[in-house]
Amino acid sequence: MDFEVELKNRNMNIRVCSQKSGIPYATLYPIIKGQIDIGTCTYYTVEKLAKTLGYRPDQIVYHNEDFQTFRNNLHHKIKRNDLKTVLGIIESDDVEYYRIHNDFRKMMYLVATVDYISKKYDIPLCDKYNEVRTMKLEEPFFVGDSALMNKDINSGIDEFARYNIIEGDLYDAV
C-alpha cells in the first residue's frame with residue numbers, strides 16, 4: 001500500500017496521522033515513507049494505522065507471494081470446486097485487496113477467473129468488477145502452459161486475454 005497516497009487522499013500529512021492514530025511521529029515517518037515494511041511492525045502499530053486510514057489491519061499488511069504460487073493455490077481450489085471458488089472470490093475482498101496493494105496482475109487474474117467460470121455455467125457477470133474490466137496490462141503476461149505456447153497471444157482463454165494475461169488452463173493443478 002502506498003501510504004503517502006492514502007494520506008494525500010485523506011488530506012492528511014504524517015504529523016496529523018500521528019496525532020489521530022496515537023503513533024509517535026518518529027515511528028510513523030519511516031512506515032509512511034516506505035523505509036520500514038509495515039509487516040515488521042507491532043500489531044498495535046498496524047492496528048492504529050489501519051483504523052486511522054479506514055482499513056482492517058490485514059488489509060494494510062501485504063504478503064506478496066509470487067504469482068506462480070498464487071496461481072497454483074487458486075487452481076487447486078478451482079479443481080476441487082470451481083463454483084465454490086468463484087463464490088469465495090466474490091464474497092471476499094481479495095480483488096480489492098490486490099487493488100489496494102497495486103498488484104494488478106492478481107486482481108485482474110481473479111476477475112478473469114470469475115468471468116470465465118461464470119460464462120462456463122451461464123451465470124451473469126458480477127457487476128462488482130465492472131471498473132476492473134476496463135483495465136488491461138500494458139504487456140502480455142504469459143502464465144502456466146501459455147508460457148510454452150511460443151508467445152502466441154491468441155492461444156489463451158478469452159476472459160484472461162481481455163487483460164493481456166495469456167492463460168491456457170484453469171484446471172491444470174496436480
# chains A, B, ... in the order shown; residues from 1 in each chain; ligands from 1

call {"tool": "select_by_dssp", "arguments": {"residues": "chain A", "states": "strand (DSSP E or B)", "output": "PyMOL selection string"}}
result
chain A and resi 141-142+165-166

call {"tool": "write_last_selection", "arguments": {"atoms": "N, CA, C and O atoms", "output": "compact mmCIF listing (two decimals), in the first residue's frame"}}
result
# COMPACT_ATOMS: atom_id res chain seq x y z
N PHE A 141 1.18 -10.97 -20.47
CA PHE A 141 1.73 -11.71 -19.34
C PHE A 141 1.36 -13.18 -19.54
O PHE A 141 0.19 -13.55 -19.47
N PHE A 142 2.35 -14.00 -19.83
CA PHE A 142 2.14 -15.42 -20.10
C PHE A 142 2.29 -16.22 -18.81
O PHE A 142 3.30 -16.09 -18.12
N ILE A 165 -3.53 -11.06 -20.21
CA ILE A 165 -2.99 -12.20 -19.48
C ILE A 165 -3.26 -13.42 -20.36
O ILE A 165 -4.39 -13.68 -20.75
N ILE A 166 -2.21 -14.16 -20.68
CA ILE A 166 -2.36 -15.32 -21.54
C ILE A 166 -2.33 -16.56 -20.67
O ILE A 166 -1.29 -16.95 -20.14

call {"tool": "atom_distance", "arguments": {"atom1": "CA of Gly144 (chain A)", "atom2": "CA of Glu167 (chain A)"}}
result
6.6 Å

call {"tool": "closest_residue", "arguments": {"among": "A:Ala161, A:Cys17, A:Asp93, A:Leu110", "to": "Ile31 (chain A)", "atoms": "only C-alpha atoms"}}
result
A:Cys17

call {"tool": "closest_atom_pairs", "arguments": {"of": "region 85-169 of chain A", "to": "region 55-75 of chain A", "cutoff": "8 Å", "atoms": "only C-alpha atoms", "output": "tab-separated table"}}
result
residue	atom	partner	partner_atom	distance
A:Tyr97	CA	A:Gln59	CA	6.3
A:His101	CA	A:Tyr62	CA	7.1
A:Lys106	CA	A:Phe67	CA	7.3
A:Val143	CA	A:Gln68	CA	7.8
A:Gly144	CA	A:Gln68	CA	7.9

call {"tool": "select_by_dssp", "arguments": {"residues": "chain A", "states": "alpha helix (DSSP H)", "output": "JSON, numbers by chain"}}
result
{"A": [3, 4, 5, 6, 7, 8, 9, 14, 15, 16, 17, 18, 19, 20, 21, 25, 26, 27, 28, 29, 30, 31, 32, 43, 44, 45, 46, 47, 48, 49, 50, 51, 52, 53, 57, 58, 59, 60, 67, 68, 69, 70, 71, 72, 73, 74, 75, 76, 77, 78, 79, 80, 82, 83, 84, 85, 86, 87, 88, 89, 90, 91, 94, 95, 96, 97, 98, 99, 100, 104, 105, 106, 107, 108, 109, 110, 111, 112, 113, 114, 115, 116, 117, 118, 119, 120, 158, 159, 160, 161]}

call {"tool": "atom_distance", "arguments": {"atom1": "CA of Tyr129 (chain A)", "atom2": "CA of Met107 (chain A)"}}
result
10.0 Å

call {"tool": "atom_distance", "arguments": {"atom1": "CA of Gln19 (chain A)", "atom2": "CA of Lys51 (chain A)"}}
result
12.9 Å

call {"tool": "residues_around", "arguments": {"residues": "Ser92 (chain A)", "least_positions_apart": "6", "cutoff": "12 Å", "atoms": "only C-alpha atoms", "output": "PyMOL selection string"}}
result
chain A and resi 59+84-86+98+110+128

call {"tool": "write_last_selection", "arguments": {"atoms": "N, CA and C atoms", "output": "PDB file, in the first residue's frame"}}
result
ATOM      1  N   GLN A  59      -5.699  -5.682   5.909  1.00  0.00           N
ATOM      2  CA  GLN A  59      -5.744  -5.065   4.587  1.00  0.00           C
ATOM      3  C   GLN A  59      -4.512  -4.215   4.294  1.00  0.00           C
ATOM      4  N   LYS A  84     -17.652 -22.956  -6.064  1.00  0.00           N
ATOM      5  CA  LYS A  84     -17.396 -22.518  -4.691  1.00  0.00           C
ATOM      6  C   LYS A  84     -16.231 -21.528  -4.667  1.00  0.00           C
ATOM      7  N   THR A  85     -15.234 -21.763  -5.496  1.00  0.00           N
ATOM      8  CA  THR A  85     -14.089 -20.859  -5.576  1.00  0.00           C
ATOM      9  C   THR A  85     -14.524 -19.482  -6.066  1.00  0.00           C
ATOM     10  N   VAL A  86     -15.348 -19.451  -7.099  1.00  0.00           N
ATOM     11  CA  VAL A  86     -15.835 -18.174  -7.633  1.00  0.00           C
ATOM     12  C   VAL A  86     -16.667 -17.441  -6.584  1.00  0.00           C
ATOM     13  N   TYR A  98      -5.957  -6.762  -3.597  1.00  0.00           N
ATOM     14  CA  TYR A  98      -4.876  -6.667  -4.573  1.00  0.00           C
ATOM     15  C   TYR A  98      -4.841  -5.286  -5.231  1.00  0.00           C
ATOM     16  N   LEU A 110      -7.983 -12.702 -10.891  1.00  0.00           N
ATOM     17  CA  LEU A 110      -9.160 -13.141 -10.138  1.00  0.00           C
ATOM     18  C   LEU A 110     -10.452 -12.796 -10.867  1.00  0.00           C
ATOM     19  N   LYS A 128     -19.894  -6.069  -9.756  1.00  0.00           N
ATOM     20  CA  LYS A 128     -18.982  -5.522  -8.754  1.00  0.00           C
ATOM     21  C   LYS A 128     -17.594  -5.220  -9.354  1.00  0.00           C
TER      22      LYS A 128
END

call {"tool": "residues_around", "arguments": {"residues": "Tyr29 (chain A)", "least_positions_apart": "5", "cutoff": "9 Å", "atoms": "only C-alpha atoms", "output": "list of chain:residue names"}}
result
A:Ile14, A:Arg15, A:Ser18, A:Pro24, A:Gly34, A:Gln35

call {"tool": "residues_around", "arguments": {"residues": "Lys79 (chain A)", "least_positions_apart": "4", "cutoff": "8 Å", "atoms": "only C-alpha atoms", "output": "JSON, numbers by chain"}}
result
{"A": [75, 170, 171, 172, 173]}

call {"tool": "residues_around", "arguments": {"residues": "Leu125 (chain A)", "least_positions_apart": "6", "cutoff": "10 Å", "atoms": "only C-alpha atoms", "output": "VMD selection string"}}
result
chain A and resid 111 114 to 119

call {"tool": "write_last_selection", "arguments": {"atoms": "N, CA and C atoms", "output": "PDB file, in the first residue's frame"}}
result
ATOM      1  N   VAL A 111     -10.530 -11.587 -11.400  1.00  0.00           N
ATOM      2  CA  VAL A 111     -11.749 -11.178 -12.120  1.00  0.00           C
ATOM      3  C   VAL A 111     -11.910 -12.025 -13.385  1.00  0.00           C
ATOM      4  N   VAL A 114     -13.304 -15.339 -12.332  1.00  0.00           N
ATOM      5  CA  VAL A 114     -14.743 -15.224 -12.047  1.00  0.00           C
ATOM      6  C   VAL A 114     -15.534 -15.181 -13.353  1.00  0.00           C
ATOM      7  N   ASP A 115     -15.074 -14.388 -14.301  1.00  0.00           N
ATOM      8  CA  ASP A 115     -15.783 -14.245 -15.575  1.00  0.00           C
ATOM      9  C   ASP A 115     -15.781 -15.550 -16.371  1.00  0.00           C
ATOM     10  N   TYR A 116     -14.647 -16.228 -16.397  1.00  0.00           N
ATOM     11  CA  TYR A 116     -14.534 -17.481 -17.161  1.00  0.00           C
ATOM     12  C   TYR A 116     -15.460 -18.562 -16.602  1.00  0.00           C
ATOM     13  N   ILE A 117     -15.443 -18.735 -15.300  1.00  0.00           N
ATOM     14  CA  ILE A 117     -16.273 -19.782 -14.702  1.00  0.00           C
ATOM     15  C   ILE A 117     -17.744 -19.384 -14.736  1.00  0.00           C
ATOM     16  N   SER A 118     -18.031 -18.095 -14.597  1.00  0.00           N
ATOM     17  CA  SER A 118     -19.424 -17.632 -14.742  1.00  0.00           C
ATOM     18  C   SER A 118     -19.938 -17.951 -16.136  1.00  0.00           C
ATOM     19  N   LYS A 119     -19.118 -17.696 -17.149  1.00  0.00           N
ATOM     20  CA  LYS A 119     -19.507 -17.993 -18.533  1.00  0.00           C
ATOM     21  C   LYS A 119     -19.713 -19.502 -18.719  1.00  0.00           C
TER      22      LYS A 119
END
